[in-house]
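A quick write-up on the structure given underneath.
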Amino acid sequence: MKNQIAKSLLSGIALSAFLSVSSIAADSGNWLNWRGPTHNGLAESGQNPPIKFSENKNLKWKAAVPGRGHSSPIVVGDRVFLTTAREDEGTQSILCYSFDSGELLWENIVLEGMLPAQIHRKNTHASPSVVSDGERIFAVFFVKSERLRLFSMDLDGNELWQVDVGRFYPEERFGYGTSPLVAAGNVIVAAESQGDGYIVSYDIKTGKEVWRTVRVATRSSHGTHVLAEIQGTEQVLLNGADRVAAYNPSSGREIWSVEGGDPLIANSVVWKDDVVFASGGYPGRETWAVDVKAGKAKWTTQVKCYEQSMIVVGDYLYGVAERGVVHCWDAENGEVLWRDRLPKEPESASLIYAGGHLYHANEAGQIFVIKPEPGKMELVAENQLGEEIFATPAICRDTILIRSAKYDEEIRSETLYAIGF
């Protein structure tokens, strides 16, 4: 496919500013995947990102994002990666920005003329986030003929391999939004297709298929699978198909499965010790805790956090339910310690915790900063960036990366913001 390189990419100045691949630590200072280093929305300890910010306050830089997408940024060394799609040109691509300056370093247009005929009006053709193992990046796109295509690139945008993952059939033409996952030397893709869904892994170096596990579902789902340590072993956790399940990342073998929830899910699970928390569902509503050791639900409540994933901080579970109602549960027994409504909704982005605060972005471009306390909701700050946010922020090195959009009459444009001191 056509590879477009920004004019600064090959300059000696830009190259000298880059970290060498060998110096990039996959677990320190980076944000390599959806919801960060722990896969559950918790930034590294010691972060000190701004609480109050705007277009004019605590703004390090902002960069134009061509096209449209809902993928969240990831950070590898001093590079930021996003996917985007230009609907008028029929292209899907991967973007690379400088973490320090916001300069667009390169763009690789990986697909042309492959956009599906129809997706949900709130979805995009670039909704899954990029994932990295620290040396390579991986991106998945939903294309016409109801197929998924997975790409691997080095950090300079050179394609290493690509594979046709298989069919994905989204009911009601919703499209696709599940991000890939790196685990056990594999890149893992979940296709919660209506009917014969599956979860499949590929060797990160060669793109060779390692394993494929069938998941039969009555409805399609869109939640992203995550990597967690449960009962002393690494497991891939996935909610959907009327159950929460765990898989061995090396073999794809199902480790455990507990029935619960509704068939259509659009977010990721979180966990504490050996308890996994799930929420969402359509057409029903439920938030529940799965006791992995006992193999059954520990508690359940009729509250739904649909697209937006929850978060565990200490002994408490936090989630933003429908219509902007924030809940704080006792993670042990499910008791609602408080619930309070934010000034505005709806929301699609997931909660992120950093520097002692929860960061929550709604679809109107507002970012609320909340102090997580079991006694009451303490709304610390309300910030505005653009007019529309669907992508979950990333927070690392005391910097918040936020993808936002604004409108000039009917003309929509996107911006990537770097917020910091």
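Residue numbering restarts at 1 for every chain of the structure tokens, chains are lettered A, B, ... in their displayed order, and ligands are numbered from 1 as they appear.
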> Tell me, which residues of stretch 112-338 of chain A carry DSSP helix (DSSP H, G or I), written as a VMD selection string?
Replying inline: chain A and resid 171 to 173 322 to 324
Residues near A:Ala190, anyone? I mean within 10 Å using only C-alpha atoms, not counting same-chain ones fewer than 3 positions away, as a PDB file with C-alpha atoms, in the first residue's frame.
ATOM      1  CA  VAL A 165      -7.980 -12.183  10.169  1.00  0.00           C
ATOM      2  CA  PHE A 168     -16.671 -10.263  11.334  1.00  0.00           C
ATOM      3  CA  THR A 178     -12.194  -3.924  19.392  1.00  0.00           C
ATOM      4  CA  SER A 179      -8.499  -3.166  19.879  1.00  0.00           C
ATOM      5  CA  PRO A 180      -5.833  -5.886  19.500  1.00  0.00           C
ATOM      6  CA  LEU A 181      -3.757  -7.149  22.441  1.00  0.00           C
ATOM      7  CA  SER A 193     -19.195 -11.758  15.476  1.00  0.00           C
ATOM      8  CA  GLY A 197     -17.212 -15.471  16.532  1.00  0.00           C
ATOM      9  CA  TYR A 198     -13.636 -16.223  17.525  1.00  0.00           C
ATOM     10  CA  ILE A 199     -10.482 -15.027  19.235  1.00  0.00           C
ATOM     11  CA  VAL A 200      -7.263 -15.560  17.269  1.00  0.00           C
ATOM     12  CA  SER A 201      -3.543 -14.948  17.804  1.00  0.00           C
ATOM     13  CA  ARG A 212      -7.835 -19.753  16.959  1.00  0.00           C
ATOM     14  CA  THR A 213     -10.646 -20.368  19.455  1.00  0.00           C
ATOM     15  CA  ARG A 215     -16.813 -18.240  20.452  1.00  0.00           C
ATOM     16  CA  SER A 221     -20.019  -7.560  20.754  1.00  0.00           C
ATOM     17  CA  HIS A 222     -17.397  -4.831  20.681  1.00  0.00           C
ATOM     18  CA  GLY A 223     -15.524  -4.930  23.991  1.00  0.00           C
ATOM     19  CA  THR A 224     -11.730  -5.192  24.009  1.00  0.00           C
ATOM     20  CA  HIS A 225     -10.041  -8.196  25.623  1.00  0.00           C
ATOM     21  CA  LEU A 238     -13.141 -11.168  27.486  1.00  0.00           C
TER      22      LEU A 238
END
> Looking only at the backbone, which of the residues in stretch 251-281 of chain A does DSSP tag as strand (DSSP E), as an NGL selection string?
Replying inline: :A and (254-259 or 270-272 or 275-280)
Same residues, N, CA and C atoms, output as a PDB file, in the first residue's frame:
ATOM      1  N   GLU A 254      -9.479 -22.236  26.824  1.00  0.00           N
ATOM      2  CA  GLU A 254     -10.306 -21.577  27.826  1.00  0.00           C
ATOM      3  C   GLU A 254      -9.907 -22.056  29.226  1.00  0.00           C
ATOM      4  N   ILE A 255      -9.640 -21.122  30.113  1.00  0.00           N
ATOM      5  CA  ILE A 255      -9.242 -21.445  31.485  1.00  0.00           C
ATOM      6  C   ILE A 255     -10.454 -21.526  32.386  1.00  0.00           C
ATOM      7  N   TRP A 256     -11.357 -20.565  32.256  1.00  0.00           N
ATOM      8  CA  TRP A 256     -12.606 -20.588  33.011  1.00  0.00           C
ATOM      9  C   TRP A 256     -13.639 -19.730  32.289  1.00  0.00           C
ATOM     10  N   SER A 257     -14.887 -19.944  32.644  1.00  0.00           N
ATOM     11  CA  SER A 257     -15.982 -19.209  32.046  1.00  0.00           C
ATOM     12  C   SER A 257     -17.142 -19.153  33.024  1.00  0.00           C
ATOM     13  N   VAL A 258     -17.736 -17.979  33.196  1.00  0.00           N
ATOM     14  CA  VAL A 258     -18.869 -17.809  34.095  1.00  0.00           C
ATOM     15  C   VAL A 258     -19.983 -17.096  33.335  1.00  0.00           C
ATOM     16  N   GLU A 259     -21.136 -17.698  33.273  1.00  0.00           N
ATOM     17  CA  GLU A 259     -22.262 -17.101  32.562  1.00  0.00           C
ATOM     18  C   GLU A 259     -22.765 -15.862  33.290  1.00  0.00           C
ATOM     19  N   VAL A 270     -12.616  -5.161  34.271  1.00  0.00           N
ATOM     20  CA  VAL A 270     -11.530  -4.803  35.183  1.00  0.00           C
ATOM     21  C   VAL A 270     -11.500  -5.853  36.287  1.00  0.00           C
ATOM     22  N   TRP A 271     -10.511  -5.803  37.148  1.00  0.00           N
ATOM     23  CA  TRP A 271     -10.379  -6.872  38.140  1.00  0.00           C
ATOM     24  C   TRP A 271      -9.632  -6.381  39.367  1.00  0.00           C
ATOM     25  N   LYS A 272      -9.802  -7.120  40.438  1.00  0.00           N
ATOM     26  CA  LYS A 272      -9.054  -6.920  41.690  1.00  0.00           C
ATOM     27  C   LYS A 272      -8.808  -8.295  42.286  1.00  0.00           C
ATOM     28  N   VAL A 275     -11.161 -11.430  41.537  1.00  0.00           N
ATOM     29  CA  VAL A 275     -12.529 -11.035  41.212  1.00  0.00           C
ATOM     30  C   VAL A 275     -12.507 -10.153  39.966  1.00  0.00           C
ATOM     31  N   VAL A 276     -13.335 -10.490  38.976  1.00  0.00           N
ATOM     32  CA  VAL A 276     -13.427  -9.748  37.723  1.00  0.00           C
ATOM     33  C   VAL A 276     -14.765  -9.011  37.681  1.00  0.00           C
ATOM     34  N   PHE A 277     -14.722  -7.744  37.314  1.00  0.00           N
ATOM     35  CA  PHE A 277     -15.922  -6.909  37.284  1.00  0.00           C
ATOM     36  C   PHE A 277     -16.303  -6.605  35.832  1.00  0.00           C
ATOM     37  N   ALA A 278     -17.572  -6.798  35.539  1.00  0.00           N
ATOM     38  CA  ALA A 278     -18.069  -6.593  34.182  1.00  0.00           C
ATOM     39  C   ALA A 278     -19.338  -5.758  34.229  1.00  0.00           C
ATOM     40  N   SER A 279     -19.612  -5.071  33.122  1.00  0.00           N
ATOM     41  CA  SER A 279     -20.819  -4.261  33.053  1.00  0.00           C
ATOM     42  C   SER A 279     -21.244  -4.115  31.611  1.00  0.00           C
ATOM     43  N   GLY A 280     -22.460  -3.601  31.451  1.00  0.00           N
ATOM     44  CA  GLY A 280     -22.943  -3.305  30.109  1.00  0.00           C
ATOM     45  C   GLY A 280     -24.094  -4.190  29.715  1.00  0.00           C
TER      46      GLY A 280
END
>> Env of stretch 58-60 of chain A: 9 Å cut, atoms = only C-alpha atoms, seq-sep filter 3 positions within chain, self excluded. Answer as a PyMOL selection string.
In response: chain A and resi 50+52-55+100-102+399+417-421
> With only C-alpha atoms as the atoms that count, which of A:Asn33, A:Ser71, A:Gln231, A:Asn158 lies nearest to A:Ala349?
Replying inline: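 Among A:Asn33, A:Ser71, A:Gln231, A:Asn158, it is A:Ser71 that comes nearest to A:Ala349.
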